[in-house]
Each structure stands twice: as C-alpha cells, then as structure tokens.
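Asks: Okay, so here is entry-v4.pdb, and as you'll see once you scroll down, it has PDB, C-alpha atoms, pLDDT in the B column.
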```pdb
MODEL        1
ATOM      1  CA  MET A   1     -12.232 -16.315 -12.873  1.00 84.00           C
ATOM      2  CA  ARG A   2     -10.252 -14.840 -15.738  1.00 88.00           C
ATOM      3  CA  ALA A   3     -10.498 -11.141 -16.470  1.00 89.00           C
ATOM      4  CA  VAL A   4     -12.144 -10.150 -19.728  1.00 94.00           C
ATOM      5  CA  LYS A   5      -9.519  -8.793 -22.104  1.00 92.00           C
ATOM      6  CA  GLU A   6      -9.879  -6.058 -24.704  1.00 94.00           C
ATOM      7  CA  ARG A   7      -7.591  -5.295 -27.589  1.00 94.00           C
ATOM      8  CA  MET A   8      -5.879  -1.908 -27.669  1.00 93.00           C
ATOM      9  CA  ASN A   9      -3.677  -0.392 -30.365  1.00 94.00           C
ATOM     10  CA  LEU A  10      -1.065   2.192 -29.419  1.00 93.00           C
ATOM     11  CA  TYR A  11       1.378   4.363 -31.268  1.00 96.00           C
ATOM     12  CA  VAL A  12       4.701   4.874 -29.502  1.00 97.00           C
ATOM     13  CA  THR A  13       7.981   6.328 -30.661  1.00 98.00           C
ATOM     14  CA  LYS A  14      10.327   3.990 -32.470  1.00 98.00           C
ATOM     15  CA  SER A  15      13.032   4.442 -29.835  1.00 98.00           C
ATOM     16  CA  LEU A  16      10.593   3.467 -27.069  1.00 97.00           C
ATOM     17  CA  MET A  17       9.499   0.406 -29.029  1.00 97.00           C
ATOM     18  CA  ASP A  18      13.129  -0.563 -29.655  1.00 98.00           C
ATOM     19  CA  ASP A  19      13.848  -0.315 -25.919  1.00 98.00           C
ATOM     20  CA  LEU A  20      10.769  -2.395 -25.120  1.00 97.00           C
ATOM     21  CA  ARG A  21      11.812  -5.086 -27.600  1.00 97.00           C
ATOM     22  CA  LYS A  22      15.295  -5.227 -26.065  1.00 98.00           C
ATOM     23  CA  ALA A  23      14.098  -5.299 -22.461  1.00 98.00           C
ATOM     24  CA  VAL A  24      10.990  -7.503 -22.594  1.00 98.00           C
ATOM     25  CA  PRO A  25      10.564 -10.808 -24.487  1.00 97.00           C
ATOM     26  CA  ALA A  26       7.797 -10.793 -27.110  1.00 96.00           C
ATOM     27  CA  ARG A  27       5.370 -13.031 -25.204  1.00 96.00           C
ATOM     28  CA  GLU A  28       5.699 -10.940 -22.029  1.00 97.00           C
ATOM     29  CA  ARG A  29       5.087  -7.471 -23.475  1.00 96.00           C
ATOM     30  CA  THR A  30       1.317  -7.372 -23.041  1.00 95.00           C
ATOM     31  CA  ARG A  31       1.599  -8.276 -19.371  1.00 95.00           C
ATOM     32  CA  PHE A  32       4.452  -5.786 -18.944  1.00 97.00           C
ATOM     33  CA  VAL A  33       2.452  -2.913 -20.441  1.00 96.00           C
ATOM     34  CA  GLU A  34      -0.640  -3.948 -18.465  1.00 96.00           C
ATOM     35  CA  ASP A  35       1.347  -3.888 -15.202  1.00 97.00           C
ATOM     36  CA  ILE A  36       2.801  -0.453 -15.958  1.00 97.00           C
ATOM     37  CA  LEU A  37      -0.624   0.972 -16.889  1.00 97.00           C
ATOM     38  CA  SER A  38      -2.207  -0.513 -13.783  1.00 97.00           C
ATOM     39  CA  ARG A  39       0.468   0.964 -11.492  1.00 97.00           C
ATOM     40  CA  GLU A  40       0.231   4.390 -13.085  1.00 98.00           C
ATOM     41  CA  LEU A  41      -3.566   4.448 -12.891  1.00 98.00           C
ATOM     42  CA  ARG A  42      -3.441   3.460  -9.187  1.00 97.00           C
ATOM     43  CA  ARG A  43      -0.877   6.205  -8.575  1.00 97.00           C
ATOM     44  CA  ARG A  44      -3.084   8.795 -10.279  1.00 98.00           C
ATOM     45  CA  LYS A  45      -6.176   7.702  -8.301  1.00 98.00           C
ATOM     46  CA  LEU A  46      -4.229   7.952  -5.054  1.00 97.00           C
ATOM     47  CA  LYS A  47      -2.897  11.391  -6.005  1.00 97.00           C
ATOM     48  CA  GLU A  48      -6.435  12.555  -6.780  1.00 97.00           C
ATOM     49  CA  ALA A  49      -7.727  11.217  -3.451  1.00 96.00           C
ATOM     50  CA  ILE A  50      -4.913  12.954  -1.575  1.00 95.00           C
ATOM     51  CA  GLU A  51      -5.631  16.227  -3.358  1.00 96.00           C
ATOM     52  CA  LYS A  52      -9.358  15.954  -2.572  1.00 96.00           C
ATOM     53  CA  ALA A  53      -8.606  15.237   1.103  1.00 95.00           C
ATOM     54  CA  TYR A  54      -6.215  18.184   1.445  1.00 93.00           C
ATOM     55  CA  GLY A  55      -7.232  20.356   4.381  1.00 90.00           C
ATOM     56  CA  ALA A  56      -9.490  17.721   5.980  1.00 91.00           C
ATOM     57  CA  TRP A  57      -7.129  17.434   8.984  1.00 87.00           C
ATOM     58  CA  LYS A  58      -7.161  20.419  11.305  1.00 90.00           C
ATOM     59  CA  ASP A  59      -4.705  20.600  14.197  1.00 89.00           C
ATOM     60  CA  GLU A  60      -7.298  22.284  16.434  1.00 91.00           C
ATOM     61  CA  ASP A  61      -9.529  19.191  16.058  1.00 92.00           C
ATOM     62  CA  HIS A  62      -6.776  16.989  17.558  1.00 92.00           C
ATOM     63  CA  PRO A  63      -5.269  18.700  20.619  1.00 93.00           C
ATOM     64  CA  GLU A  64      -4.155  15.291  21.934  1.00 92.00           C
ATOM     65  CA  LEU A  65      -1.581  15.144  19.122  1.00 93.00           C
ATOM     66  CA  LYS A  66       0.186  18.480  19.620  1.00 92.00           C
ATOM     67  CA  THR A  67       3.731  17.257  20.163  1.00 94.00           C
ATOM     68  CA  ALA A  68       5.931  14.610  18.575  1.00 96.00           C
ATOM     69  CA  GLU A  69       5.781  12.746  21.888  1.00 97.00           C
ATOM     70  CA  ASP A  70       1.956  12.787  21.764  1.00 95.00           C
ATOM     71  CA  ILE A  71       2.060  11.332  18.254  1.00 95.00           C
ATOM     72  CA  ASP A  72       4.582   8.646  19.263  1.00 96.00           C
ATOM     73  CA  ASN A  73       2.357   7.647  22.191  1.00 94.00           C
ATOM     74  CA  TRP A  74      -0.708   7.490  19.935  1.00 93.00           C
ATOM     75  CA  ILE A  75       1.129   5.244  17.449  1.00 93.00           C
ATOM     76  CA  ARG A  76       2.521   3.037  20.225  1.00 91.00           C
ATOM     77  CA  GLU A  77      -0.932   2.612  21.776  1.00 90.00           C
ATOM     78  CA  GLY A  78      -2.483   1.762  18.405  1.00 88.00           C
ATOM     79  CA  ARG A  79       0.173  -0.849  17.725  1.00 86.00           C
ATOM     80  CA  ARG A  80      -0.252  -2.302  21.205  1.00 84.00           C
ATOM     81  CA  ARG A  81      -3.978  -2.750  20.578  1.00 84.00           C
ATOM     82  CA  MET A  82      -3.322  -4.428  17.221  1.00 80.00           C
ATOM     83  CA  VAL A  83      -1.077  -7.133  18.679  1.00 76.00           C
ATOM     84  CA  ARG A  84      -2.984 -10.307  19.402  1.00 74.00           C
ATOM     85  CA  ASP A  85      -1.654 -12.990  21.722  1.00 75.00           C
ATOM     86  CA  PHE A  86      -2.206 -16.379  20.064  1.00 76.00           C
ATOM     87  CA  SER A  87      -0.504 -18.351  22.832  1.00 77.00           C
ATOM     88  CA  ASP A  88      -3.798 -19.693  24.226  1.00 76.00           C
ATOM     89  CA  GLU A  89      -4.987 -20.868  20.809  1.00 76.00           C
ATOM     90  CA  TRP A  90      -1.614 -22.492  20.118  1.00 79.00           C
ATOM     91  CA  GLY A  91      -1.322 -24.065  23.563  1.00 78.00           C
ATOM     92  CA  ARG A  92       1.730 -22.031  24.493  1.00 73.00           C
ATOM     93  CA  THR A  93       2.484 -19.825  27.441  1.00 70.00           C
ATOM     94  CA  THR A  94       4.211 -16.479  27.053  1.00 61.00           C
ATOM     95  CA  LYS A  95       6.920 -15.294  29.451  1.00 61.00           C
ATOM     96  CA  ALA A  96       4.559 -12.646  30.833  1.00 59.00           C
ATOM     97  CA  LYS A  97       1.907 -15.279  31.611  1.00 59.00           C
ATOM     98  CA  LYS A  98       4.453 -17.557  33.268  1.00 59.00           C
ATOM     99  CA  LYS A  99       5.518 -14.741  35.621  1.00 60.00           C
ATOM    100  CA  LYS A 100       1.887 -14.078  36.634  1.00 60.00           C
ATOM    101  CA  ARG A 101       1.383 -17.691  37.729  1.00 57.00           C
TER     102      ARG A 101
ENDMDL
END
```
Can you present the structure in this file as structure tokens?
Replies:
Amino acid sequence: MRAVKERMNLYVTKSLMDDLRKAVPARERTRFVEDILSRELRRRKLKEAIEKAYGAWKDEDHPELKTAEDIDNWIREGRRRMVRDFSDEWGRTTKAKKKKR
C-alpha cells in the first residue's frame, strides 16, 4: 500500500539549494530530502529514548555482571542460546552429531 503524501514548502539558503541541485538529479530530490528527514527524526527519537532511560541500569541490581569476564560470559551464553541447529530440518548431520553416534 502506498504511503499518503503531503506537500511541504521549505525555504533554504541559496548555497544549500545550489549544492542540492548539483548533487541530486531533479526527479530524485523529494526522495532524497524524505530519506534525510526520516533518518534525522529516527535519530532524535532514539536520542530522546536514551535520555529518558538514563539511570535505569544500576550496577547493584546486576552483581552477576561485575567484571568484564562476567559480561563476556553473559554475551557468549546469550549467543549460544540464539543459535539454532537446522541440520535435522535440512536432513544434514553436523560434525558434533556424527561424533555422538
């Protein structure tokens, strides 16, 4: 489904407009400006969310993550749990499964 479009008029400096004309072909400018606006708005929303969340993490609430080694182990364990073995679905046998047999 196509997004509903609205017309918008902007005033920009002549030098900025000259640069835009040189860099972006006429029929691509709307999409170019839309992409830039979209990225900047996402960046601002993320920045706002980060600022609102500041202070939510307290070290005393996570004693299991005191050292860099603790953090590395936590990441490693999370990644290990995320990996899914598709060998059964694909009719293949992994090296680890072959050794068990």
Asks: Using Å and a single decimal, report how far atom CA of Leu46 of chain A sits from atom CA of Gly78 of chain A.
Replies: 24.3 Å
Asks: So that I can see what lies close to Met8 of chain A, please list as a list in words the residues with an atom at most 12 Å from it, counting only C-alpha atoms and leaving out residues fewer than 4 positions away in the same chain.
Replies: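 The neighbour list is Thr30, Val33 and Glu34 of chain A.
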Asks: For the atom pair atom CA of Arg44 of chain A and atom CA of Val4 of chain A, what is the interatomic distance in Å to one decimal place?
Replies: 23.0 Å
